[in-house]
file start-v8.txt (compact mmCIF, C-alpha atoms)
# COMPACT_ATOMS: atom_id res chain seq x y z
CA MET A 1 -91.96 16.76 68.59
CA ASP A 2 -93.39 18.18 71.84
CA SER A 3 -92.88 15.34 74.32
CA LEU A 4 -95.69 16.54 76.62
CA LYS A 5 -98.21 16.32 73.76
CA GLU A 6 -96.80 12.93 72.76
CA ASP A 7 -97.18 11.67 76.34
CA LEU A 8 -100.70 13.09 76.57
CA LYS A 9 -101.77 11.24 73.44
CA LYS A 10 -100.40 7.95 74.82
CA GLN A 11 -102.14 8.57 78.14
CA ILE A 12 -105.46 9.42 76.46
CA ILE A 13 -105.31 6.25 74.36
CA GLU A 14 -104.61 4.12 77.44
CA GLN A 15 -107.01 5.82 79.85
CA LEU A 16 -109.91 5.85 77.39
CA ASN A 17 -109.22 2.44 75.80
CA LEU A 18 -109.01 3.93 72.31
CA GLU A 19 -107.91 0.55 70.99
CA ASP A 20 -107.99 1.47 67.31
CA LEU A 21 -105.98 4.68 67.58
CA THR A 22 -102.23 5.36 67.63
CA VAL A 23 -100.42 8.53 68.66
CA ALA A 24 -100.02 9.41 64.97
CA ASP A 25 -103.81 9.34 64.50
CA ILE A 26 -104.42 12.17 66.96
CA ALA A 27 -103.67 15.65 65.61
CA ASP A 28 -102.54 18.22 68.16
CA ASP A 29 -105.49 20.45 67.32
CA ALA A 30 -108.14 17.71 66.82
CA LEU A 31 -111.28 18.50 68.83
CA LEU A 32 -111.58 15.85 71.53
CA PHE A 33 -115.36 16.13 72.07
CA ASN A 34 -116.44 16.55 68.47
CA ASP A 35 -117.43 13.73 66.13
CA GLN A 36 -115.07 15.19 63.52
CA GLY A 37 -112.30 14.75 66.10
CA LEU A 38 -112.16 11.98 68.70
CA GLY A 39 -115.88 11.95 69.50
CA LEU A 40 -115.41 11.66 73.26
CA ASP A 41 -118.35 11.84 75.69
CA SER A 42 -119.10 12.90 79.26
CA ILE A 43 -117.65 9.73 80.85
CA ASP A 44 -114.44 10.40 78.93
CA ALA A 45 -114.39 13.92 80.41
CA LEU A 46 -114.33 12.34 83.88
CA GLU A 47 -111.55 10.00 82.77
CA LEU A 48 -109.54 13.02 81.53
CA ILE A 49 -109.88 14.67 84.95
CA VAL A 50 -108.51 11.45 86.51
CA LEU A 51 -105.72 11.41 83.89
CA LEU A 52 -104.64 14.95 84.79
CA GLU A 53 -104.32 14.04 88.46
CA LYS A 54 -102.80 10.59 87.90
CA TYR A 55 -100.07 11.56 85.44
CA HIS A 56 -99.57 15.27 86.06
CA GLY A 57 -100.60 15.83 89.68
CA ILE A 58 -103.14 18.47 88.64
CA GLN A 59 -106.60 18.67 90.18
CA LEU A 60 -109.19 20.25 87.95
CA THR A 61 -112.11 21.45 90.07
CA ASN A 62 -113.55 24.31 88.03
CA PRO A 63 -115.82 22.96 85.25
CA GLU A 64 -115.31 26.14 83.18
CA GLU A 65 -111.55 25.51 83.13
CA GLY A 66 -112.19 21.94 81.98
CA LYS A 67 -114.29 23.10 79.07
CA GLU A 68 -111.35 25.13 77.76
CA ALA A 69 -108.57 22.74 78.75
CA PHE A 70 -110.13 19.64 77.17
CA LYS A 71 -110.73 21.14 73.72
CA SER A 72 -107.70 19.44 72.16
CA VAL A 73 -104.28 18.01 72.99
CA ASP A 74 -102.86 21.49 72.30
CA THR A 75 -105.10 23.10 74.95
CA MET A 76 -104.49 20.28 77.43
CA ALA A 77 -100.73 20.73 77.12
CA ALA A 78 -101.09 24.50 77.51
CA TYR A 79 -103.27 24.04 80.61
CA ILE A 80 -100.77 21.64 82.22
CA ARG A 81 -97.87 24.06 81.55
CA LYS A 82 -99.88 26.99 82.94
CA ARG A 83 -100.79 25.13 86.14
CA LYS A 84 -97.24 23.88 86.69
CA ALA A 85 -95.81 27.35 86.17
CA ALA A 86 -98.21 28.90 88.70
CA MET B 1 -155.35 -24.20 84.07
CA ASN B 2 -153.52 -24.59 80.80
CA LYS B 3 -151.03 -21.80 80.24
CA PRO B 4 -150.62 -20.49 76.68
CA ALA B 5 -147.51 -21.78 74.92
CA LEU B 6 -144.37 -19.66 74.70
CA TYR B 7 -141.98 -19.95 71.79
CA LEU B 8 -138.23 -19.64 71.49
CA SER B 9 -137.83 -17.87 68.18
CA ALA B 10 -134.10 -17.04 68.40
CA ALA B 11 -131.12 -18.24 70.40
CA SER B 12 -127.51 -17.11 70.57
CA THR B 13 -124.62 -18.25 72.74
CA ILE B 14 -120.97 -17.26 73.13
CA SER B 15 -119.11 -19.88 75.13
CA HIS B 16 -116.02 -22.08 75.18
CA GLN B 17 -117.73 -24.16 72.48
CA PRO B 18 -118.39 -23.30 68.79
CA THR B 19 -121.95 -22.21 69.58
CA PHE B 20 -122.17 -18.74 68.04
CA GLN B 21 -124.06 -18.59 64.75
CA ASN B 22 -123.61 -22.32 64.38
CA PRO B 23 -127.00 -24.10 64.11
CA GLY B 24 -126.62 -27.82 64.74
CA PHE B 25 -123.70 -27.29 67.14
CA SER B 26 -125.27 -29.72 69.63
CA ALA B 27 -124.28 -32.68 67.45
CA ALA B 28 -120.59 -31.87 67.59
CA LEU B 29 -119.88 -30.81 71.17
CA ALA B 30 -117.02 -32.41 73.06
CA GLN B 31 -116.26 -32.13 76.75
CA VAL B 32 -114.91 -28.68 77.60
CA GLU B 33 -111.22 -28.76 78.57
CA ALA B 34 -109.49 -26.72 81.26
CA SER B 35 -107.21 -25.35 78.54
CA SER B 36 -110.13 -24.15 76.42
CA ALA B 37 -110.76 -20.47 75.79
CA LEU B 38 -113.82 -18.39 75.06
CA ILE B 39 -114.65 -18.48 71.34
CA SER B 40 -115.39 -14.85 70.54
CA PRO B 41 -116.80 -13.47 67.28
CA ASP B 42 -115.56 -10.23 65.74
CA TYR B 43 -117.38 -7.93 68.14
CA LYS B 44 -117.01 -4.92 65.84
CA THR B 45 -119.65 -6.50 63.60
CA TYR B 46 -122.22 -6.22 66.40
CA ILE B 47 -121.16 -3.33 68.60
CA ASP B 48 -120.49 0.32 67.82
CA ALA B 49 -116.77 1.09 68.25
CA GLY B 50 -117.54 3.95 70.64
CA LEU B 51 -119.34 1.57 73.03
CA LEU B 52 -117.06 -1.40 72.40
CA ARG B 53 -113.89 0.24 73.68
CA ARG B 54 -115.27 0.45 77.21
CA MET B 55 -116.84 -3.00 77.33
CA SER B 56 -115.48 -5.88 79.37
CA LYS B 57 -115.83 -9.50 78.28
CA ILE B 58 -119.29 -10.05 79.79
CA LEU B 59 -120.67 -6.90 78.15
CA ARG B 60 -119.26 -7.76 74.73
CA MET B 61 -120.67 -11.29 74.93
CA SER B 62 -124.09 -10.10 76.08
CA VAL B 63 -124.55 -7.31 73.55
CA ALA B 64 -123.31 -9.44 70.63
CA CYS B 65 -125.68 -12.31 71.55
CA ALA B 66 -128.57 -9.89 72.04
CA ARG B 67 -128.04 -8.29 68.63
CA ASP B 68 -127.65 -11.70 67.01
CA CYS B 69 -131.02 -12.75 68.49
CA ILE B 70 -132.74 -9.62 67.21
CA GLU B 71 -131.38 -10.32 63.72
CA GLN B 72 -132.45 -13.98 63.84
CA ALA B 73 -135.97 -13.15 64.99
CA GLY B 74 -136.33 -10.30 62.51
CA ALA B 75 -137.84 -8.23 65.32
CA ASP B 76 -137.14 -4.50 65.37
CA GLN B 77 -137.33 -4.11 69.12
CA PRO B 78 -138.18 -6.53 71.91
CA ASP B 79 -140.94 -5.37 74.27
CA ALA B 80 -138.66 -6.06 77.23
CA ILE B 81 -135.07 -6.98 78.10
CA VAL B 82 -134.58 -9.41 81.00
CA VAL B 83 -131.13 -10.63 82.07
CA GLY B 84 -129.93 -13.09 84.69
CA THR B 85 -126.42 -13.10 86.14
CA GLY B 86 -124.95 -14.86 89.14
CA LEU B 87 -121.80 -12.83 89.71
CA GLY B 88 -122.24 -9.84 87.41
CA CYS B 89 -119.47 -7.78 85.84
CA LEU B 90 -116.46 -9.28 87.59
CA GLN B 91 -113.73 -7.79 85.34
CA ASP B 92 -114.86 -4.24 86.02
CA THR B 93 -115.50 -4.95 89.71
CA GLU B 94 -111.97 -6.34 90.09
CA LYS B 95 -110.49 -3.42 88.16
CA PHE B 96 -112.32 -0.84 90.27
CA LEU B 97 -111.43 -2.51 93.58
CA ASN B 98 -107.76 -2.91 92.59
CA THR B 99 -107.61 0.74 91.55
CA SER B 100 -109.21 1.87 94.78
CA LEU B 101 -106.54 -0.03 96.71
CA THR B 102 -103.56 1.22 94.73
CA VAL B 103 -104.46 4.71 93.52
CA GLU B 104 -104.59 7.73 95.78
CA GLY B 105 -106.96 10.51 94.77
CA LEU B 106 -109.57 10.31 92.03
CA LEU B 107 -110.67 6.90 90.80
CA PRO B 108 -111.45 6.27 87.11
CA PRO B 109 -115.25 6.21 86.71
CA THR B 110 -115.71 3.72 83.86
CA SER B 111 -114.96 0.51 85.78
CA PHE B 112 -117.12 1.71 88.69
CA ILE B 113 -120.07 2.55 86.42
CA GLN B 114 -119.79 -0.79 84.65
CA SER B 115 -119.24 -2.93 87.74
CA THR B 116 -122.92 -3.20 88.61
CA HIS B 117 -124.91 -6.34 87.82
CA ASN B 118 -127.44 -4.51 85.64
CA THR B 119 -124.84 -3.13 83.23
CA MET B 120 -125.46 -5.89 80.66
CA ALA B 121 -129.20 -5.16 80.40
CA GLY B 122 -128.44 -1.44 80.29
CA GLN B 123 -125.79 -1.72 77.58
CA ILE B 124 -128.08 -3.93 75.49
CA SER B 125 -130.85 -1.34 75.69
CA LEU B 126 -128.40 1.46 74.78
CA SER B 127 -127.07 -0.58 71.88
CA LEU B 128 -130.58 -1.33 70.57
CA GLY B 129 -132.07 2.06 71.47
CA ASN B 130 -134.71 0.19 73.48
CA HIS B 131 -136.92 2.05 75.96
CA GLY B 132 -138.93 -0.92 77.23
CA TYR B 133 -138.94 -2.84 80.53
CA ASN B 134 -135.35 -3.55 81.58
CA MET B 135 -134.65 -5.93 84.43
CA THR B 136 -131.75 -7.89 85.88
CA HIS B 137 -132.18 -10.90 88.17
CA THR B 138 -129.37 -12.13 90.37
CA GLN B 139 -130.29 -15.25 92.34
CA ASN B 140 -127.03 -17.19 92.46
CA THR B 141 -127.38 -20.39 90.37
CA LEU B 142 -131.08 -19.70 89.66
CA SER B 143 -130.55 -16.25 88.13
CA PHE B 144 -131.40 -17.39 84.62
CA GLU B 145 -134.50 -19.32 85.68
CA HIS B 146 -135.78 -16.22 87.48
CA ALA B 147 -135.18 -14.16 84.34
CA LEU B 148 -137.17 -16.76 82.36
CA LEU B 149 -140.03 -16.63 84.86
CA ASP B 150 -140.12 -12.83 84.58
CA ALA B 151 -140.10 -13.00 80.77
CA ALA B 152 -142.90 -15.61 80.79
CA MET B 153 -145.06 -13.41 83.05
CA LEU B 154 -144.51 -10.40 80.77
CA LEU B 155 -145.61 -12.42 77.74
CA ARG B 156 -148.71 -13.65 79.57
CA GLU B 157 -149.55 -10.06 80.41
CA GLY B 158 -149.52 -9.06 76.74
CA ASP B 159 -145.92 -8.58 75.57
CA ARG B 160 -145.18 -10.26 72.24
CA ASN B 161 -141.38 -10.61 72.16
CA VAL B 162 -139.03 -10.53 75.13
CA LEU B 163 -135.25 -10.65 74.90
CA VAL B 164 -134.18 -12.86 77.80
CA GLY B 165 -130.75 -14.20 78.57
CA ALA B 166 -127.94 -14.71 81.03
CA ALA B 167 -124.22 -14.16 81.28
CA ASP B 168 -121.34 -14.69 83.67
CA GLU B 169 -117.65 -14.10 83.16
CA HIS B 170 -114.61 -15.90 84.51
CA ILE B 171 -111.69 -13.98 85.97
CA ASP B 172 -108.49 -15.62 87.23
CA ILE B 173 -109.11 -14.86 90.89
CA LEU B 174 -112.14 -17.19 90.82
CA ASN B 175 -109.75 -20.14 90.52
CA ASP B 176 -107.81 -18.97 93.62
CA ILE B 177 -111.04 -18.42 95.57
CA ALA B 178 -112.40 -21.83 94.53
CA GLU B 179 -109.17 -23.51 95.65
CA LYS B 180 -109.15 -21.72 99.01
CA LEU B 181 -112.80 -22.62 99.62
CA GLY B 182 -112.21 -26.23 98.63
CA PHE B 183 -114.79 -25.84 95.83
CA GLU B 184 -113.87 -28.65 93.48
CA THR B 185 -115.59 -29.07 90.14
CA ALA B 186 -115.26 -31.85 87.59
CA SER B 187 -115.40 -29.23 84.81
CA PRO B 188 -113.38 -26.01 84.53
CA LEU B 189 -114.69 -22.59 85.54
CA THR B 190 -115.64 -20.76 82.33
CA SER B 191 -117.48 -17.77 80.89
CA GLY B 192 -120.65 -17.80 78.83
CA ALA B 193 -123.57 -15.76 77.57
CA SER B 194 -126.82 -17.06 76.08
CA PHE B 195 -129.71 -14.94 74.90
CA PHE B 196 -133.11 -15.80 73.46
CA ILE B 197 -136.19 -14.21 71.98
CA LEU B 198 -139.17 -15.60 73.84
CA SER B 199 -142.43 -14.95 71.99
CA SER B 200 -146.12 -15.32 72.71
CA GLU B 201 -146.79 -16.41 69.15
CA SER B 202 -144.92 -18.62 66.74
CA ALA B 203 -144.18 -16.73 63.55
CA GLY B 204 -143.16 -19.97 61.89
CA ASN B 205 -139.55 -19.54 62.96
CA ALA B 206 -139.77 -20.94 66.50
CA ALA B 207 -137.18 -23.59 67.26
CA ALA B 208 -138.79 -24.88 70.45
CA GLU B 209 -141.60 -24.32 72.90
CA LEU B 210 -140.99 -23.36 76.51
CA THR B 211 -143.52 -25.39 78.47
CA ASP B 212 -142.76 -24.49 82.09
CA VAL B 213 -140.15 -23.14 84.52
CA TYR B 214 -139.89 -23.81 88.26
CA THR B 215 -137.48 -22.79 90.99
CA SER B 216 -137.11 -23.63 94.65
CA GLY B 217 -134.37 -22.87 97.11
CA GLY B 218 -133.36 -23.12 100.72
CA ALA B 219 -133.36 -26.87 101.25
CA GLU B 220 -132.01 -29.84 99.35
CA TYR B 221 -134.55 -30.80 96.75
CA GLY B 222 -136.23 -34.19 96.52
CA GLN B 223 -137.22 -36.30 93.56
CA GLU B 224 -140.87 -35.64 94.47
CA GLU B 225 -140.43 -31.96 93.47
CA ILE B 226 -139.33 -33.02 89.98
CA ASP B 227 -142.21 -35.53 89.76
CA ALA B 228 -144.72 -32.87 90.86
CA PHE B 229 -143.35 -30.42 88.26
CA LEU B 230 -143.73 -33.00 85.48
CA ASP B 231 -147.15 -34.03 86.81
CA ARG B 232 -148.49 -30.48 86.60
CA ASN B 233 -147.47 -30.56 82.94
CA GLY B 234 -149.18 -33.92 82.38
CA MET B 235 -145.92 -35.83 82.08
CA GLN B 236 -143.82 -38.45 83.82
CA ILE B 237 -140.06 -38.83 83.80
CA GLY B 238 -140.37 -41.67 81.24
CA ASP B 239 -141.92 -39.19 78.76
CA ILE B 240 -138.76 -37.08 78.73
CA ASP B 241 -136.36 -37.95 75.90
CA LEU B 242 -133.41 -36.16 77.44
CA VAL B 243 -132.50 -34.63 80.79
CA LEU B 244 -129.76 -31.99 80.84
CA TYR B 245 -128.53 -31.75 84.41
CA ALA B 246 -126.04 -29.92 86.57
CA GLY B 247 -125.20 -31.57 89.87
CA THR B 248 -127.07 -34.87 90.13
CA PRO B 249 -128.58 -36.95 87.29
CA VAL B 250 -132.34 -37.43 87.45
CA SER B 251 -133.24 -41.00 88.33
CA GLY B 252 -135.57 -42.82 85.96
CA ALA B 253 -134.64 -40.63 82.99
CA VAL B 254 -134.14 -42.28 79.61
CA ARG B 255 -130.98 -40.27 79.02
CA ASN B 256 -129.01 -37.87 81.25
CA ILE B 257 -126.33 -35.46 79.99
CA ASP B 258 -124.21 -33.36 82.35
CA TYR B 259 -124.34 -29.95 80.66
CA LEU B 260 -121.55 -28.56 82.85
CA SER B 261 -119.16 -30.95 81.10
CA LEU B 262 -120.02 -29.07 77.88
CA ALA B 263 -120.44 -25.49 79.10
CA GLY B 264 -118.00 -25.48 81.99
CA VAL B 265 -119.04 -24.13 85.37
CA TYR B 266 -120.60 -20.70 85.83
CA PRO B 267 -123.71 -19.68 87.77
CA THR B 268 -125.92 -19.23 84.70
CA ALA B 269 -124.74 -22.28 82.72
CA SER B 270 -128.38 -23.42 82.59
CA ALA B 271 -128.83 -20.77 79.86
CA PHE B 272 -126.22 -22.67 77.81
CA ALA B 273 -128.26 -25.82 78.50
CA LEU B 274 -131.39 -24.09 77.18
CA HIS B 275 -129.68 -23.21 73.90
CA TYR B 276 -128.27 -26.75 73.69
CA ALA B 277 -131.80 -28.12 74.16
CA VAL B 278 -133.28 -25.70 71.61
CA ASP B 279 -130.63 -26.71 69.06
CA LEU B 280 -131.32 -30.41 69.68
CA LEU B 281 -135.09 -29.99 69.44
CA ALA B 282 -134.71 -28.14 66.14
CA THR B 283 -132.26 -30.55 64.54
CA ASN B 284 -132.82 -34.01 66.06
CA SER B 285 -136.24 -35.51 65.33
CA GLU B 286 -135.75 -38.19 67.99
CA VAL B 287 -135.72 -35.58 70.77
CA ARG B 288 -139.20 -34.13 71.42
CA ASN B 289 -139.16 -33.30 75.15
CA VAL B 290 -136.23 -32.00 77.19
CA LEU B 291 -136.00 -31.30 80.92
CA ILE B 292 -133.21 -29.07 82.24
CA CYS B 293 -132.53 -29.88 85.89
CA ASN B 294 -130.23 -27.30 87.46
CA THR B 295 -128.85 -28.31 90.86
CA LEU B 296 -125.45 -26.70 90.41
CA ARG B 297 -125.96 -25.53 93.99
CA LYS B 298 -127.47 -28.38 96.00
CA SER B 299 -129.97 -26.21 97.86
CA ASN B 300 -131.26 -24.60 94.65
CA LEU B 301 -133.48 -26.43 92.19
CA GLY B 302 -134.23 -25.00 88.76
CA LEU B 303 -136.43 -26.94 86.33
CA THR B 304 -137.10 -25.93 82.72
CA LEU B 305 -139.32 -28.00 80.44
CA LEU B 306 -139.14 -27.72 76.66
CA LYS B 307 -140.77 -29.44 73.77
CA ALA B 308 -140.35 -29.47 70.03
CA VAL B 309 -142.62 -27.26 67.96
CA GLU B 310 -145.05 -29.52 66.16
CA ALA B 311 -145.21 -28.94 62.42
call {"tool": "encode", "arguments": {"input": "start-v8.txt", "output": "structure tokens"}}
result
Amino acid sequence: MDSLKEDLKKQIIEQLNLEDLTVADIADDALLFNDQGLGLDSIDALELIVLLEKYHGIQLTNPEEGKEAFKSVDTMAAYIRKRKAA
Amino acid sequence: MNKPALYLSAASTISHQPTFQNPGFSAALAQVEASSALISPDYKTYIDAGLLRRMSKILRMSVACARDCIEQAGADQPDAIVVGTGLGCLQDTEKFLNTSLTVEGLLPPTSFIQSTHNTMAGQISLSLGNHGYNMTHTQNTLSFEHALLDAAMLLREGDRNVLVGAADEHIDILNDIAEKLGFETASPLTSGASFFILSSESAGNAAAELTDVYTSGGAEYGQEEIDAFLDRNGMQIGDIDLVLYAGTPVSGAVRNIDYLSLAGVYPTASAFALHYAVDLLATNSEVRNVLICNTLRKSNLGLTLLKAVEA
């Protein structure tokens, strides 16, 4: 299993207090801000920005980038890898 | 001038005692122990999971009690939501301040957003989908009495049902602060939330009648203030079947009970006393008039007068 995605799921659960979820409940491609996925909201988006800086040292300042990066755990992992490689 | 009667048509309390959804609890209360813990219901029954995950103790207590009151009263929406709190959302305040001291860079927004005193009233309105008047009063130990006064004025201006209540939460650092300040209490520091539906009309389900509320602050109160309050309601201290007090017992009263020994100590414990009085008035035919005398802080006097609803 991709350890970055695994770590991201743990961090999302902790940062957003998703008390009823486990890592196994979050699919890599589940849409984070869709009711069919995790059903997150705008406050959660702010928490995800904090998460990126806190755990991965990445500052996300362009809202358009955030829209793409926060689609799913897959896209978050890809965004982190892209920023670290730059 | 005679003021129109106001009725308490629902009451709900979460505390260190078995008060929640337990009519008649007043008959079985024992002194609250330092080792006691908050008795919480299953919050998922009352609060949407999406909102619940972000809520601290004080928010969970407040929203659950508010929803319980709405169910009891059978009212779709209250005309207004009025909340009193002495110290506000301490868990989130502590979390935000600790994070700001230890974390460099961005701070998580949730604890900051929810650290303000008016978060309870706001979360209740979000949970109910209520767009009416929404107010929070914070006046130290008289916060709840001020909320009651506000609710009473709204009802006398035409509102029919007002959701009014109070909450305060205990966090561990309060014990350290109390020790350092030499603030000694006979009862432990606790958490509690009590909410009520106050109505301008009795729909046959009212448990008690709220006769009058009075507050004064700034100087140590005198017995003459209590006498004057009773006098303006056509009563004397001998007419009161029971006084629930915090601080000093009321001299001349037939029976005094220290409500802090039951609720524990928190700034809005007088809201617990109100529910205790409502429960007694509804279940004990020997108690017809109750005075709540709140002098938890010596320079603040809060008086609340209740009577049984006559059949």
call {"tool": "closest_residue", "arguments": {"input": "start-v8.txt", "among": "A:Val50, A:Val23, A:Ala85, A:Ala77", "to": "chain B", "atoms": "all atoms listed in the file"}}
result
A:Val50
call {"tool": "closest_residue", "arguments": {"input": "start-v8.txt", "among": "A:Leu8, A:Ala78, A:Ala86, A:Ala45", "to": "chain B", "atoms": "all atoms listed in the file"}}
result
A:Ala45
call {"tool": "closest_atom_pairs", "arguments": {"input": "start-v8.txt", "of": "chain B", "to": "chain A", "cutoff": "12 Å", "atoms": "only C-alpha atoms", "output": "CSV"}}
result
residue,atom,partner,partner_atom,distance
B:Lys44,CA,A:Asp20,CA,11.2
B:Ala49,CA,A:Asp20,CA,8.8
B:Gly50,CA,A:Gly39,CA,8.2
B:Leu51,CA,A:Asn17,CA,10.5
B:Leu52,CA,A:Asn17,CA,9.4
B:Arg53,CA,A:Asn17,CA,5.6
B:Arg54,CA,A:Asn17,CA,6.5
B:Met55,CA,A:Asn17,CA,9.5
B:Ser56,CA,A:Asn17,CA,11.0
B:Thr99,CA,A:Lys54,CA,11.6
B:Thr102,CA,A:Lys54,CA,11.6
B:Val103,CA,A:Lys54,CA,8.3
B:Glu104,CA,A:Lys54,CA,8.6
B:Gly105,CA,A:Glu53,CA,7.7
B:Leu106,CA,A:Val50,CA,5.7
B:Leu107,CA,A:Val50,CA,6.6
B:Pro108,CA,A:Glu47,CA,5.7
B:Pro109,CA,A:Glu47,CA,6.6
B:Thr110,CA,A:Ile43,CA,7.0
B:Ser111,CA,A:Glu47,CA,10.5
B:Phe112,CA,A:Ile43,CA,11.2
B:Ile113,CA,A:Ile43,CA,9.4
B:Gln114,CA,A:Ile43,CA,11.4
call {"tool": "write_last_selection", "arguments": {"input": "start-v8.txt", "atoms": "C-alpha atoms", "output": "PDB file, keeping the file's coordinate frame"}}
result
ATOM      1  CA  LYS B  44    -117.010  -4.920  65.840  1.00  0.00           C
ATOM      2  CA  ALA B  49    -116.770   1.090  68.250  1.00  0.00           C
ATOM      3  CA  GLY B  50    -117.540   3.950  70.640  1.00  0.00           C
ATOM      4  CA  LEU B  51    -119.340   1.570  73.030  1.00  0.00           C
ATOM      5  CA  LEU B  52    -117.060  -1.400  72.400  1.00  0.00           C
ATOM      6  CA  ARG B  53    -113.890   0.240  73.680  1.00  0.00           C
ATOM      7  CA  ARG B  54    -115.270   0.450  77.210  1.00  0.00           C
ATOM      8  CA  MET B  55    -116.840  -3.000  77.330  1.00  0.00           C
ATOM      9  CA  SER B  56    -115.480  -5.880  79.370  1.00  0.00           C
ATOM     10  CA  THR B  99    -107.610   0.740  91.550  1.00  0.00           C
ATOM     11  CA  THR B 102    -103.560   1.220  94.730  1.00  0.00           C
ATOM     12  CA  VAL B 103    -104.460   4.710  93.520  1.00  0.00           C
ATOM     13  CA  GLU B 104    -104.590   7.730  95.780  1.00  0.00           C
ATOM     14  CA  GLY B 105    -106.960  10.510  94.770  1.00  0.00           C
ATOM     15  CA  LEU B 106    -109.570  10.310  92.030  1.00  0.00           C
ATOM     16  CA  LEU B 107    -110.670   6.900  90.800  1.00  0.00           C
ATOM     17  CA  PRO B 108    -111.450   6.270  87.110  1.00  0.00           C
ATOM     18  CA  PRO B 109    -115.250   6.210  86.710  1.00  0.00           C
ATOM     19  CA  THR B 110    -115.710   3.720  83.860  1.00  0.00           C
ATOM     20  CA  SER B 111    -114.960   0.510  85.780  1.00  0.00           C
ATOM     21  CA  PHE B 112    -117.120   1.710  88.690  1.00  0.00           C
ATOM     22  CA  ILE B 113    -120.070   2.550  86.420  1.00  0.00           C
ATOM     23  CA  GLN B 114    -119.790  -0.790  84.650  1.00  0.00           C
TER      24      GLN B 114
END
call {"tool": "residues_near_point", "arguments": {"input": "start-v8.txt", "point": "(-127.3, -13.2, 72.7)", "cutoff": "10 Å", "atoms": "all atoms listed in the file", "output": "PyMOL selection string"}}
result
chain B and resi 10-14+20+60-70+124+163-167+193-197
call {"tool": "atom_distance", "arguments": {"input": "start-v8.txt", "atom1": "CA of Ser143 (chain B)", "atom2": "CA of His117 (chain B)"}}
result
11.4 Å
call {"tool": "closest_residue", "arguments": {"input": "start-v8.txt", "among": "A:Glu68, A:Gln36, A:Pro63, A:Asp28", "to": "Leu4 (chain A)", "atoms": "all atoms listed in the file"}}
result
A:Asp28
call {"tool": "residues_around", "arguments": {"input": "start-v8.txt", "residues": "Leu303 (chain B)", "least_positions_apart": "6", "cutoff": "12 Å", "atoms": "all atoms listed in the file", "output": "ChimeraX atom specification"}}
result
/B:141-142,144-146,148-149,210-217,221,223,225-230,243-246,250,270-271,273-274,290-296
call {"tool": "write_last_selection", "arguments": {"input": "start-v8.txt", "atoms": "C-alpha atoms", "output": "CSV table (one decimal), in the coordinates of the input"}}
result
chain,number,residue,atom,x,y,z
B,141,THR,CA,-127.4,-20.4,90.4
B,142,LEU,CA,-131.1,-19.7,89.7
B,144,PHE,CA,-131.4,-17.4,84.6
B,145,GLU,CA,-134.5,-19.3,85.7
B,146,HIS,CA,-135.8,-16.2,87.5
B,148,LEU,CA,-137.2,-16.8,82.4
B,149,LEU,CA,-140.0,-16.6,84.9
B,210,LEU,CA,-141.0,-23.4,76.5
B,211,THR,CA,-143.5,-25.4,78.5
B,212,ASP,CA,-142.8,-24.5,82.1
B,213,VAL,CA,-140.2,-23.1,84.5
B,214,TYR,CA,-139.9,-23.8,88.3
B,215,THR,CA,-137.5,-22.8,91.0
B,216,SER,CA,-137.1,-23.6,94.6
B,217,GLY,CA,-134.4,-22.9,97.1
B,221,TYR,CA,-134.6,-30.8,96.8
B,223,GLN,CA,-137.2,-36.3,93.6
B,225,GLU,CA,-140.4,-32.0,93.5
B,226,ILE,CA,-139.3,-33.0,90.0
B,227,ASP,CA,-142.2,-35.5,89.8
B,228,ALA,CA,-144.7,-32.9,90.9
B,229,PHE,CA,-143.4,-30.4,88.3
B,230,LEU,CA,-143.7,-33.0,85.5
B,243,VAL,CA,-132.5,-34.6,80.8
B,244,LEU,CA,-129.8,-32.0,80.8
B,245,TYR,CA,-128.5,-31.8,84.4
B,246,ALA,CA,-126.0,-29.9,86.6
B,250,VAL,CA,-132.3,-37.4,87.4
B,270,SER,CA,-128.4,-23.4,82.6
B,271,ALA,CA,-128.8,-20.8,79.9
B,273,ALA,CA,-128.3,-25.8,78.5
B,274,LEU,CA,-131.4,-24.1,77.2
B,290,VAL,CA,-136.2,-32.0,77.2
B,291,LEU,CA,-136.0,-31.3,80.9
B,292,ILE,CA,-133.2,-29.1,82.2
B,293,CYS,CA,-132.5,-29.9,85.9
B,294,ASN,CA,-130.2,-27.3,87.5
B,295,THR,CA,-128.8,-28.3,90.9
B,296,LEU,CA,-125.4,-26.7,90.4
call {"tool": "atom_distance", "arguments": {"input": "start-v8.txt", "atom1": "CA of Asn118 (chain B)", "atom2": "CA of Lys57 (chain B)"}}
result
14.6 Å
call {"tool": "closest_residue", "arguments": {"input": "start-v8.txt", "among": "A:Asp29, A:Glu14, A:Asp2, A:Asp7", "to": "Asp74 (chain A)", "atoms": "all atoms listed in the file"}}
result
A:Asp29
call {"tool": "residues_around", "arguments": {"input": "start-v8.txt", "residues": "region 21-30 of chain B", "least_positions_apart": "5", "cutoff": "9 Å", "atoms": "only C-alpha atoms", "output": "PyMOL selection string"}}
result
chain B and resi 12-13+68+261-262+275-277+279-280+282-284
call {"tool": "residues_around", "arguments": {"input": "start-v8.txt", "residues": "Lys307 (chain B)", "least_positions_apart": "3", "cutoff": "6 Å", "atoms": "all atoms listed in the file", "output": "PDB file with C-alpha atoms, in the frame of the given file"}}
result
ATOM      1  CA  ALA B 208    -138.790 -24.880  70.450  1.00  0.00           C
ATOM      2  CA  GLU B 209    -141.600 -24.320  72.900  1.00  0.00           C
ATOM      3  CA  ARG B 288    -139.200 -34.130  71.420  1.00  0.00           C
ATOM      4  CA  ASN B 289    -139.160 -33.300  75.150  1.00  0.00           C
TER       5      ASN B 289
END
